[in-house]
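K.L.:
Below is target.cif; it holds mmCIF, C-alpha atoms and all ligand atoms.
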data_protein
loop_
_atom_site.label_atom_id
_atom_site.label_comp_id
_atom_site.auth_asym_id
_atom_site.auth_seq_id
_atom_site.Cartn_x
_atom_site.Cartn_y
_atom_site.Cartn_z
CA MET T 1219 -24.80 -15.85 8.28
CA ILE T 1220 -23.25 -15.80 11.77
CA ASP T 1221 -25.45 -16.36 14.85
CA VAL T 1222 -25.40 -12.90 16.40
CA LEU T 1223 -27.08 -11.46 13.29
CA ASP T 1224 -30.23 -13.53 13.96
CA GLY T 1225 -30.89 -13.94 10.24
CA GLU T 1226 -30.95 -10.20 9.59
CA ALA T 1227 -28.63 -8.07 7.45
CA ARG T 1228 -27.80 -5.63 10.22
CA ALA T 1229 -23.98 -5.45 10.25
CA ILE T 1230 -22.34 -2.25 8.97
CA ASP T 1231 -19.06 -2.35 7.06
CA THR T 1232 -17.16 0.88 7.71
CA HIS T 1233 -14.63 0.36 4.91
CA ALA T 1234 -15.52 -0.61 1.34
CA HIS T 1235 -13.98 0.37 -1.98
CA GLN T 1236 -15.45 0.17 -5.47
CA PRO T 1237 -15.15 -3.31 -7.05
CA THR T 1238 -14.91 -1.57 -10.44
CA GLU T 1239 -12.12 -0.33 -12.67
CA GLU T 1240 -12.57 3.23 -11.32
CA PHE T 1241 -10.82 2.09 -8.14
CA LEU T 1242 -8.94 -1.11 -8.99
CA GLU T 1243 -7.40 0.05 -12.25
CA ASP T 1244 -7.64 3.83 -12.70
CA ALA T 1245 -7.02 5.15 -9.17
CA GLY T 1246 -5.11 2.06 -8.00
CA GLY T 1247 -2.81 1.84 -10.99
CA GLN T 1248 0.42 -0.08 -10.77
CA MET T 1249 0.71 0.27 -6.97
CA MET T 1250 -2.56 -1.67 -6.58
CA GLN T 1251 -1.37 -4.37 -8.94
CA ASP T 1252 1.84 -4.69 -6.85
CA ALA T 1253 -0.29 -5.34 -3.76
CA ALA T 1254 -2.40 -7.92 -5.60
CA ASP T 1255 0.72 -9.71 -6.91
CA LYS T 1256 2.36 -9.72 -3.50
CA PHE T 1257 -0.66 -11.09 -1.62
CA GLY T 1258 -2.09 -13.32 -4.35
CA ALA T 1259 -5.39 -11.44 -4.35
CA GLU T 1260 -7.64 -11.51 -7.36
CA MET T 1261 -8.37 -8.09 -8.79
CA GLU T 1262 -11.05 -8.89 -11.37
CA PRO T 1263 -13.53 -6.00 -11.43
CA GLY T 1264 -17.06 -6.88 -10.29
CA SER T 1265 -20.47 -5.21 -10.26
CA TYR T 1266 -22.35 -3.34 -7.53
CA ASP T 1267 -25.33 -5.69 -7.92
CA GLU T 1268 -23.12 -8.67 -7.07
CA MET T 1269 -21.41 -6.76 -4.30
CA VAL T 1270 -24.63 -5.73 -2.56
CA ALA T 1271 -26.13 -9.21 -2.95
CA ASP T 1272 -23.02 -10.85 -1.42
CA TYR T 1273 -23.09 -8.41 1.47
CA ARG T 1274 -26.77 -8.96 2.25
CA GLU T 1275 -26.30 -12.71 2.13
CA ALA T 1276 -23.47 -12.39 4.66
CA GLY T 1277 -25.70 -10.32 6.98
CA VAL T 1278 -24.38 -6.86 6.17
CA GLY T 1279 -27.04 -4.22 5.52
CA ARG T 1280 -24.93 -1.06 5.05
CA ALA T 1281 -21.42 -0.19 3.92
CA ILE T 1282 -19.40 3.00 3.78
CA LEU T 1283 -18.25 3.45 0.19
CA LEU T 1284 -15.03 5.45 0.11
CA GLY T 1285 -13.78 7.97 -2.42
CA TRP T 1286 -10.13 8.21 -3.48
CA ASP T 1287 -8.06 11.13 -4.70
CA ALA T 1288 -4.29 10.71 -4.52
CA GLU T 1289 -3.70 12.33 -7.87
CA THR T 1290 -0.94 14.78 -6.92
CA ASN T 1291 1.25 12.19 -5.21
CA THR T 1292 0.60 9.18 -7.46
CA GLY T 1293 -0.33 10.70 -10.81
CA ASN T 1294 -3.34 8.34 -10.97
CA PRO T 1295 -6.83 9.76 -11.60
CA PRO T 1296 -9.21 9.97 -8.62
CA VAL T 1297 -12.39 7.97 -8.03
CA PRO T 1298 -14.50 11.11 -8.56
CA ASN T 1299 -16.73 12.29 -5.75
CA ASP T 1300 -19.58 12.70 -8.23
CA TYR T 1301 -19.24 9.02 -9.12
CA VAL T 1302 -19.30 7.98 -5.44
CA ALA T 1303 -22.49 10.03 -5.00
CA GLU T 1304 -24.06 8.45 -8.12
CA VAL T 1305 -23.43 4.92 -6.84
CA ARG T 1306 -24.85 5.91 -3.45
CA ASP T 1307 -27.97 7.29 -5.13
CA GLU T 1308 -28.45 4.03 -7.02
CA TYR T 1309 -28.19 1.94 -3.82
CA ASP T 1310 -29.18 4.52 -1.26
CA ASP T 1311 -30.53 2.03 1.26
CA PHE T 1312 -27.14 0.28 1.26
CA PHE T 1313 -24.24 2.69 0.78
CA VAL T 1314 -23.15 5.55 3.00
CA ALA T 1315 -20.83 7.63 0.80
CA PHE T 1316 -17.59 9.26 1.98
CA GLY T 1317 -15.79 11.62 -0.38
CA SER T 1318 -12.10 12.16 -0.86
CA VAL T 1319 -10.17 15.36 -1.38
CA ASP T 1320 -6.48 15.56 -2.23
CA PRO T 1321 -4.92 17.79 0.48
CA LEU T 1322 -2.11 18.70 -1.93
CA LYS T 1323 -4.54 20.30 -4.42
CA ASP T 1324 -5.21 24.04 -4.21
CA ASP T 1325 -8.99 23.56 -4.39
CA CYS T 1326 -9.25 20.90 -1.65
CA VAL T 1327 -11.20 23.13 0.74
CA GLN T 1328 -13.77 24.13 -1.91
CA GLU T 1329 -14.08 20.49 -3.00
CA ALA T 1330 -14.70 19.41 0.62
CA ILE T 1331 -17.51 21.96 0.90
CA ARG T 1332 -18.97 20.83 -2.45
CA CYS T 1333 -18.90 17.18 -1.32
CA VAL T 1334 -21.13 17.89 1.65
CA GLU T 1335 -23.28 20.78 0.46
CA ASP T 1336 -23.86 19.75 -3.18
CA LEU T 1337 -23.29 15.98 -3.26
CA ASP T 1338 -24.62 15.26 0.23
CA LEU T 1339 -21.69 12.97 1.03
CA SER T 1340 -21.61 11.81 4.66
CA GLY T 1341 -17.91 12.13 5.50
CA PHE T 1342 -14.36 11.99 4.15
CA LYS T 1343 -11.63 9.39 3.71
CA PHE T 1344 -7.91 10.18 3.69
CA GLN T 1345 -5.15 7.75 2.72
CA GLN T 1346 -2.08 9.62 3.92
CA ILE T 1347 0.48 7.20 2.42
CA ALA T 1348 -1.04 7.22 -1.08
CA GLN T 1349 -1.80 10.94 -0.82
CA GLY T 1350 1.72 11.62 0.48
CA PHE T 1351 0.96 14.06 3.26
CA ASP T 1352 1.41 14.54 6.99
CA PRO T 1353 -1.98 15.32 8.57
CA SER T 1354 -0.29 17.10 11.51
CA ASP T 1355 1.37 19.65 9.19
CA PRO T 1356 -0.10 23.12 9.96
CA GLN T 1357 -0.57 23.72 6.21
CA HIS T 1358 -3.64 21.43 6.38
CA ARG T 1359 -5.34 23.24 9.28
CA HIS T 1360 -7.69 25.17 7.00
CA LEU T 1361 -8.97 21.88 5.55
CA TRP T 1362 -9.48 20.34 9.02
CA ASN T 1363 -11.24 23.49 10.27
CA THR T 1364 -13.55 23.35 7.26
CA ILE T 1365 -14.38 19.68 7.76
CA GLU T 1366 -14.94 20.26 11.47
CA ASP T 1367 -17.37 23.09 10.58
CA LEU T 1368 -19.12 20.83 8.03
CA ASP T 1369 -19.71 18.51 11.00
CA VAL T 1370 -19.07 15.19 9.22
CA PRO T 1371 -16.88 12.26 10.33
CA VAL T 1372 -13.49 11.46 8.82
CA VAL T 1373 -11.73 8.17 8.12
CA PHE T 1374 -7.93 8.29 8.21
CA HIS T 1375 -5.82 5.38 7.05
CA GLY T 1376 -3.91 3.69 9.90
CA GLY T 1377 -0.63 1.79 9.64
CA ASN T 1378 1.46 0.45 6.79
CA SER T 1379 0.05 0.06 3.29
CA THR T 1380 0.32 -2.81 0.84
CA LEU T 1381 0.25 -0.38 -2.11
CA GLY T 1382 3.50 -0.68 -4.04
CA ALA T 1383 4.56 -3.65 -1.88
CA GLY T 1384 7.80 -5.35 -2.88
CA THR T 1385 8.85 -2.81 -5.49
CA PRO T 1386 12.12 -0.86 -5.30
CA GLY T 1387 11.37 2.19 -3.16
CA GLY T 1388 7.78 0.99 -2.71
CA ARG T 1389 6.89 3.23 -5.70
CA GLY T 1390 8.00 6.22 -3.67
CA LEU T 1391 5.23 5.85 -1.07
CA LYS T 1392 6.25 6.74 2.50
CA VAL T 1393 5.02 4.48 5.30
CA LYS T 1394 5.63 7.13 8.00
CA TYR T 1395 2.50 9.02 6.95
CA GLY T 1396 0.43 6.06 8.17
CA ASN T 1397 1.51 6.57 11.79
CA PRO T 1398 -1.65 7.30 13.81
CA MET T 1399 0.36 9.65 16.07
CA LEU T 1400 0.14 12.20 13.21
CA VAL T 1401 -3.66 11.96 13.40
CA ASP T 1402 -3.55 12.41 17.18
CA ASP T 1403 -2.47 16.03 16.57
CA VAL T 1404 -5.54 16.57 14.34
CA ALA T 1405 -7.83 14.98 16.95
CA ALA T 1406 -6.38 17.19 19.71
CA GLU T 1407 -6.75 20.40 17.70
CA HIS T 1408 -10.22 19.54 16.33
CA PRO T 1409 -12.22 18.02 19.19
CA GLY T 1410 -15.42 18.52 17.20
CA MET T 1411 -14.19 16.17 14.46
CA ASP T 1412 -15.08 12.49 14.84
CA ILE T 1413 -12.21 10.39 13.50
CA LEU T 1414 -12.12 6.72 12.55
CA LEU T 1415 -8.62 5.25 12.29
CA ALA T 1416 -9.02 2.56 9.64
CA HIS T 1417 -7.36 -0.84 10.09
CA PRO T 1418 -5.33 -2.24 12.98
CA ALA T 1419 -2.48 0.24 12.42
CA PHE T 1420 0.45 -2.18 12.04
CA PRO T 1421 3.19 -1.58 13.26
CA TRP T 1422 1.67 1.13 15.48
CA GLU T 1423 -1.28 -0.73 17.01
CA LYS T 1424 -0.24 0.26 20.56
CA GLU T 1425 -0.15 3.94 19.61
CA GLN T 1426 -3.56 3.55 18.00
CA LEU T 1427 -5.06 1.89 21.09
CA ALA T 1428 -3.61 4.63 23.30
CA ILE T 1429 -5.12 7.37 21.11
CA CYS T 1430 -8.54 5.67 20.99
CA GLN T 1431 -8.45 5.41 24.77
CA GLN T 1432 -7.35 8.99 25.38
CA LYS T 1433 -9.34 10.85 22.71
CA GLY T 1434 -13.13 10.76 22.99
CA ASN T 1435 -13.41 11.68 19.30
CA VAL T 1436 -11.19 8.86 17.92
CA TYR T 1437 -12.45 5.38 16.95
CA MET T 1438 -10.97 2.50 14.98
CA ASP T 1439 -12.06 -0.35 12.73
CA LEU T 1440 -10.77 -3.86 12.09
CA SER T 1441 -10.69 -3.62 8.29
CA GLY T 1442 -7.86 -4.73 6.05
CA TRP T 1443 -6.95 -7.76 8.16
CA MET T 1444 -8.59 -11.15 8.47
CA PRO T 1445 -9.46 -11.65 12.17
CA ASN T 1446 -6.93 -14.46 12.64
CA TYR T 1447 -4.09 -12.07 11.75
CA ILE T 1448 -5.14 -9.16 13.96
CA ASP T 1449 -2.74 -8.34 16.79
CA ASP T 1450 -3.76 -10.01 20.09
CA GLN T 1451 -3.65 -6.76 22.01
CA VAL T 1452 -6.06 -5.13 19.54
CA LEU T 1453 -8.49 -8.04 19.99
CA HIS T 1454 -8.11 -7.83 23.77
CA TYR T 1455 -8.91 -4.09 23.78
CA ALA T 1456 -11.79 -4.63 21.31
CA ARG T 1457 -13.46 -7.08 23.66
CA THR T 1458 -12.83 -5.01 26.81
CA ILE T 1459 -12.04 -1.33 27.31
CA LEU T 1460 -12.52 -0.24 23.68
CA GLN T 1461 -15.68 -2.24 23.01
CA ASP T 1462 -17.61 1.01 22.42
CA LYS T 1463 -15.03 2.33 19.96
CA VAL T 1464 -14.08 -0.50 17.62
CA MET T 1465 -16.01 -1.24 14.43
CA PHE T 1466 -16.28 -3.92 11.77
CA GLY T 1467 -14.80 -3.21 8.36
CA THR T 1468 -13.55 -5.30 5.45
CA ASP T 1469 -11.58 -3.30 2.83
CA TYR T 1470 -13.74 -4.79 0.06
CA PRO T 1471 -12.99 -6.05 -2.56
CA MET T 1472 -9.60 -7.06 -1.10
CA ILE T 1473 -11.43 -8.79 1.79
CA GLU T 1474 -15.02 -10.06 1.48
CA PRO T 1475 -17.59 -9.89 4.27
CA GLU T 1476 -18.60 -13.53 4.63
CA PRO T 1477 -15.18 -15.11 5.35
CA TRP T 1478 -14.30 -12.17 7.62
CA LEU T 1479 -17.48 -12.53 9.68
CA GLU T 1480 -17.09 -16.30 9.95
CA GLN T 1481 -13.56 -15.98 11.29
CA PHE T 1482 -14.67 -13.22 13.65
CA ALA T 1483 -17.44 -15.40 15.08
CA GLU T 1484 -14.82 -18.08 15.86
CA LEU T 1485 -13.05 -15.65 18.22
CA GLY T 1486 -15.88 -16.16 20.72
CA PHE T 1487 -16.51 -12.54 21.77
CA ASP T 1488 -19.56 -12.03 24.04
CA GLU T 1489 -22.68 -11.51 21.95
CA SER T 1490 -23.20 -8.03 23.43
CA VAL T 1491 -19.69 -7.07 22.29
CA GLN T 1492 -20.23 -8.60 18.85
CA ARG T 1493 -23.34 -6.45 18.43
CA LYS T 1494 -21.40 -3.32 19.36
CA LEU T 1495 -18.53 -4.08 16.99
CA LEU T 1496 -20.67 -5.25 14.08
CA TRP T 1497 -23.30 -2.48 14.02
CA GLU T 1498 -24.14 -0.56 17.21
CA ASN T 1499 -20.90 1.47 17.36
CA ALA T 1500 -21.11 2.30 13.63
CA GLU T 1501 -24.75 3.38 13.94
CA GLU T 1502 -23.72 5.81 16.65
CA PHE T 1503 -20.60 7.01 14.80
CA LEU T 1504 -22.57 7.64 11.60
CA GLY T 1505 -25.69 8.94 13.36
CA LEU T 1506 -27.89 6.33 11.63
ZN ZN M 1 -9.02 0.59 2.11
#
Please express the file's structure as structure tokens.
Ligand SMILES: [Zn+2]
P.N.:
Amino acid sequence: MIDVLDGEARAIDTHAHQPTEEFLEDAGGQMMQDAADKFGAEMEPGSYDEMVADYREAGVGRAILLGWDAETNTGNPPVPNDYVAEVRDEYDDFFVAFGSVDPLKDDCVQEAIRCVEDLDLSGFKFQQIAQGFDPSDPQHRHLWNTIEDLDVPVVFHGGNSTLGAGTPGGRGLKVKYGNPMLVDDVAAEHPGMDILLAHPAFPWEKEQLAICQQKGNVYMDLSGWMPNYIDDQVLHYARTILQDKVMFGTDYPMIEPEPWLEQFAELGFDESVQRKLLWENAEEFLGL
């Protein structure tokens, strides 16, 4: 466990997926296998018991578990919101559960309301490239108004995606939907919605930093990239002017907490900044 944690599991991972076949095989399908092949990652399903034990050993006490519904665009079944809620209930001192609704489905607004009011989910996750939609398109305003009224935070994917990597046509997925500038429109029109842009948004990190600086309601996390590969300017902003806005995340099971935290500690950020990035900012964002 890294020094700043003082032997306690207090870090909060803002970006974790299911290590089970519901995510890796069913929802991920062939596009997930492409990513694993391309980056040499192992995609053997694991258990939640192992996952939570590994996290606690690394010094992480909470993780946001994300739902996934990109059924209309990909044809793959969702990770059902009821399932995400069940896992949360089983490990309710560990997981914070975020649901997913497919903005291209007719019932997305009703499903968003059900997620919060019936399942008690704590927020939403969108993956615009997999879901194949432009968040700035006025056709989605009703959904954003509803989520703003529900008063829960939202994670939007930021940057390119490895899904479908290396295949002809990238399995039809469009990288442009990962541009954080499309989320800037949502943030401007819904100032009551707290937004977390997931991942250093390669190749639009500068746009992402500008948005996080200009919009009080937009934050970002460092998930999806090992610290040694994160853009220098992102690291510079994280240790200076955006130190109250940047959060720790992995993208489990693609990246595991212990190696990420060890590499992060090597960067030599001030301990006060490490505390903000590893748990204080997330506690505030999530209202924990
Ligand atoms: Zn992810």
K.L.:
For ligand ZN 1 (chain M), which residue out of T:Asn1397, T:Gln1451, T:Asn1499, T:Ser1379 is the nearest one, using all atoms listed in the file?
P.N.:
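When distances to ligand ZN 1 (chain M) are compared using all atoms listed in the file, the smallest one comes from T:Ser1379.
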K.L.:
Please, which residues have at least one atom within 9 Å of an atom of ligand ZN 1 (chain M), using only C-alpha atoms and all ligand atoms, listed as an mmCIF file with C-alpha atoms, in the frame of the given file?
P.N.:
data_model
loop_
_atom_site.group_PDB
_atom_site.id
_atom_site.type_symbol
_atom_site.label_atom_id
_atom_site.label_comp_id
_atom_site.auth_asym_id
_atom_site.auth_seq_id
_atom_site.Cartn_x
_atom_site.Cartn_y
_atom_site.Cartn_z
ATOM 1 C CA HIS T 1233 -14.630 0.360 4.910
ATOM 2 C CA ALA T 1234 -15.520 -0.610 1.340
ATOM 3 C CA HIS T 1235 -13.980 0.370 -1.980
ATOM 4 C CA LEU T 1284 -15.030 5.450 0.110
ATOM 5 C CA GLN T 1345 -5.150 7.750 2.720
ATOM 6 C CA HIS T 1375 -5.820 5.380 7.050
ATOM 7 C CA ALA T 1416 -9.020 2.560 9.640
ATOM 8 C CA HIS T 1417 -7.360 -0.840 10.090
ATOM 9 C CA SER T 1441 -10.690 -3.620 8.290
ATOM 10 C CA GLY T 1442 -7.860 -4.730 6.050
ATOM 11 C CA THR T 1468 -13.550 -5.300 5.450
ATOM 12 C CA ASP T 1469 -11.580 -3.300 2.830
ATOM 13 C CA TYR T 1470 -13.740 -4.790 0.060
ATOM 14 C CA MET T 1472 -9.600 -7.060 -1.100
#
K.L.:
So that I can check the surroundings of Thr1232 (chain T), please list as a PyMOL selection string every protein, DNA and RNA residue that reaches within 7 Å of it, counting all atoms listed in the file and ignoring chain neighbours fewer than 2 positions away.
P.N.:
chain T and resi 1230+1234+1281-1282+1466-1467
K.L.:
Can you work out which one of T:Gly1264, T:Gly1387, T:Gly1279, T:Gly1317 has the shortest atom-to-atom distance to Glu1501 (chain T), counting all atoms listed in the file?
P.N.:
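Nearest to Glu1501 (chain T): T:Gly1279.
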K.L.:
Excluding Tyr1437 (chain T) and its own-chain neighbours fewer than 6 positions away, which residues fall within 8 Å of it when counting only C-alpha atoms? Please give them as a list of chain:residue names.
P.N.:
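The residues that qualify are T:Asp1412, T:Ile1413, T:Leu1414, T:Leu1415, T:Cys1430, T:Lys1463, T:Val1464, T:Met1465.
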K.L.:
Tell me which protein, DNA and RNA residues are within 10 Å of Leu1337 (chain T), counting all atoms listed in the file, leaving out same-chain ones fewer than 5 positions away, and put them as a PDB file with C-alpha atoms, keeping the file's coordinate frame.
P.N.:
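Output below, filename around_11.pdb:
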ATOM      1  CA  ASN T1299     -16.730  12.290  -5.750  1.00  0.00           C
ATOM      2  CA  ASP T1300     -19.580  12.700  -8.230  1.00  0.00           C
ATOM      3  CA  TYR T1301     -19.240   9.020  -9.120  1.00  0.00           C
ATOM      4  CA  VAL T1302     -19.300   7.980  -5.440  1.00  0.00           C
ATOM      5  CA  ALA T1303     -22.490  10.030  -5.000  1.00  0.00           C
ATOM      6  CA  GLU T1304     -24.060   8.450  -8.120  1.00  0.00           C
ATOM      7  CA  ALA T1315     -20.830   7.630   0.800  1.00  0.00           C
ATOM      8  CA  GLY T1317     -15.790  11.620  -0.380  1.00  0.00           C
ATOM      9  CA  ILE T1331     -17.510  21.960   0.900  1.00  0.00           C
ATOM     10  CA  ARG T1332     -18.970  20.830  -2.450  1.00  0.00           C
TER      11      ARG T1332
END
K.L.:
List as a ChimeraX atom specification the protein and nucleic acid residues near Asp1355 (chain T), meaning an atom at most 12 Å away when all atoms listed in the file are counted, but skip any in the same chain fewer than 5 places from it.
P.N.:
/T:1321-1322,1346,1350,1360-1362,1395,1400-1404,1407
K.L.:
Please report the interatomic distance between CA of Gly1285 (chain T) and CA of Glu1474 (chain T) in Å with one decimal.
P.N.:
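Going from CA of Gly1285 (chain T) over to CA of Glu1474 (chain T), I get 18.5 Å.
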K.L.:
In Å, with one decimal, what is the gap from CA of Ala1500 (chain T) to CA of Gln1481 (chain T)?
P.N.:
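According to the coordinates, CA of Ala1500 (chain T) and CA of Gln1481 (chain T) are separated by 19.9 Å.
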K.L.:
Just checking: using all atoms listed in the file, which residue out of T:Gly1376, T:Gly1434, T:Ala1259, T:Pro1475 ends up closest to Arg1274 (chain T)?
P.N.:
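Among the listed residues, T:Pro1475 lies closest to Arg1274 (chain T).
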K.L.:
So how many Å separate CA of Glu1275 (chain T) and CA of Leu1496 (chain T), to one decimal?
P.N.:
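Rounded to one decimal, the two atoms are 15.2 Å apart.
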K.L.:
Would you list the contacts of Tyr1455 (chain T) as a ChimeraX atom specification, taking every protein, DNA or RNA residue within 12 Å and counting all atoms listed in the file, but skipping same-chain residues closer than 6 positions in sequence?
P.N.:
/T:1418,1423-1424,1426-1428,1430-1431,1438,1440,1448-1449,1461-1464,1487,1491,1495
